[in-house]
Amino acid sequence: MKYTRYVPMMVMFVLAVLFLQACSGNEFDAENPKEYGVGGVYLGQNVKEAIDILKPTKADFMDMVTRQTYTVEQMAAGEGDAVMGMLLIDRTQLILKVQKGQIQSIMLSGVPQEDAQKFKTIRGLAIYDASEKLTQLYGMGTGEKEVIYQGKSCKASFGLANNQVAWMRFDKL
């Protein structure tokens, strides 16, 4: 048969594709909401589950329009349309936006240097990490001082100052 000479090339091609897929398994997945978060908390997660993970020393939630306060249990049950929460975790402030019980936005900045490792992303990036580590873990984003990674439904923004990650923000679109 004249096709037998192509079999080794086809086998090499299939092996190359499988190898590339195996190597790329660690790339940033812009369509996975679990990629957009910090400290084990991510976009789309139920607020009660997130609070149980973060264990804040203080948490206050208020509707941005009506100024009504909400408990975690009320929000977890789906109450509140646009609720912002300010959480104090030791000396670090984390801001959450919750809608219908799910996290819509996570904002983190002003982290004391000794607490930075508590608030890593799923990829292992922490505040004060070098901008090179951001590129290594997430690939090339858009922007210079504010580096953005965006999928169809979520967006991650990392602020850079003095060649270090200074703040993080994750938003549902």
# chains A, B, ... in the order shown; residues from 1 in each chain; ligands from 1
$ residues_around --residues "Glu31 in chain A" --least-positions-apart "3" --cutoff "8 Å" --atoms "only C-alpha atoms" --output "MDAnalysis selection string"
chainID A and resid 151:154
$ write_last_selection --atoms "N, CA and C atoms" --output "short mmCIF file (atom, residue, chain, number, x, y, z; two decimals), in the first residue's frame"
data_model
loop_
_atom_site.label_atom_id
_atom_site.label_comp_id
_atom_site.auth_asym_id
_atom_site.auth_seq_id
_atom_site.Cartn_x
_atom_site.Cartn_y
_atom_site.Cartn_z
N GLY A 151 -12.21 36.60 29.85
CA GLY A 151 -12.93 35.58 29.11
C GLY A 151 -14.26 36.15 28.66
N LYS A 152 -15.19 35.28 28.30
CA LYS A 152 -16.50 35.74 27.84
C LYS A 152 -17.37 36.26 28.98
N SER A 153 -17.19 35.70 30.19
CA SER A 153 -18.07 36.10 31.29
C SER A 153 -17.34 36.64 32.51
N CYS A 154 -16.02 36.60 32.52
CA CYS A 154 -15.26 37.06 33.69
C CYS A 154 -14.03 37.84 33.26
#
$ residues_around --residues "Lys58 in chain A" --least-positions-apart "2" --cutoff "7 Å" --atoms "only C-alpha atoms" --output "MDAnalysis selection string"
chainID A and resid 56 60 87:88
$ write_last_selection --atoms "C-alpha atoms" --output "mmCIF file, in the first residue's frame"
data_model
loop_
_atom_site.group_PDB
_atom_site.id
_atom_site.type_symbol
_atom_site.label_atom_id
_atom_site.label_comp_id
_atom_site.auth_asym_id
_atom_site.auth_seq_id
_atom_site.Cartn_x
_atom_site.Cartn_y
_atom_site.Cartn_z
ATOM 1 C CA PRO A 56 -13.330 37.089 58.419
ATOM 2 C CA ASP A 60 -20.522 44.093 56.891
ATOM 3 C CA LEU A 87 -14.562 41.900 55.083
ATOM 4 C CA LEU A 88 -11.725 42.297 57.524
#
$ closest_residue --among "A:Val38, A:Val98, A:Leu137, A:Ala130" --to "Asn26 in chain A" --atoms "only C-alpha atoms"
A:Leu137
$ closest_atom_pairs --of "range 29-51 of chain A" --to "range 104-112 of chain A" --cutoff "10 Å" --atoms "only C-alpha atoms" --output "JSON lines"
{"residue": "A:Tyr36", "atom": "CA", "partner": "A:Ile106", "partner_atom": "CA", "distance": 8.5}
{"residue": "A:Gly37", "atom": "CA", "partner": "A:Ile106", "partner_atom": "CA", "distance": 6.8}
{"residue": "A:Val38", "atom": "CA", "partner": "A:Ile106", "partner_atom": "CA", "distance": 8.0}
{"residue": "A:Val41", "atom": "CA", "partner": "A:Ile106", "partner_atom": "CA", "distance": 8.6}
{"residue": "A:Tyr42", "atom": "CA", "partner": "A:Ile106", "partner_atom": "CA", "distance": 7.8}
{"residue": "A:Leu43", "atom": "CA", "partner": "A:Gln104", "partner_atom": "CA", "distance": 5.7}
{"residue": "A:Gly44", "atom": "CA", "partner": "A:Gln104", "partner_atom": "CA", "distance": 6.3}
{"residue": "A:Gln45", "atom": "CA", "partner": "A:Gln104", "partner_atom": "CA", "distance": 8.5}
{"residue": "A:Asn46", "atom": "CA", "partner": "A:Gln104", "partner_atom": "CA", "distance": 9.9}
{"residue": "A:Val47", "atom": "CA", "partner": "A:Gln104", "partner_atom": "CA", "distance": 9.7}
$ atom_distance --atom1 "CA of Glu27 in chain A" --atom2 "CA of Gly159 in chain A"
20.6 Å
$ select_by_dssp --residues "chain A" --states "strand (DSSP E)" --output "MDAnalysis selection string"
chainID A and resid 37:38 41:42 58:63 69:70 83:89 92:99 102:109 146:150 154:161 164:172
$ residues_around --residues "Asp129 in chain A" --least-positions-apart "6" --cutoff "12 Å" --atoms "only C-alpha atoms" --output "PyMOL selection string"
chain A and resi 113+116-117+119-121+135-137+158-168
$ atom_distance --atom1 "CA of Ala77 in chain A" --atom2 "CA of Thr92 in chain A"
26.7 Å
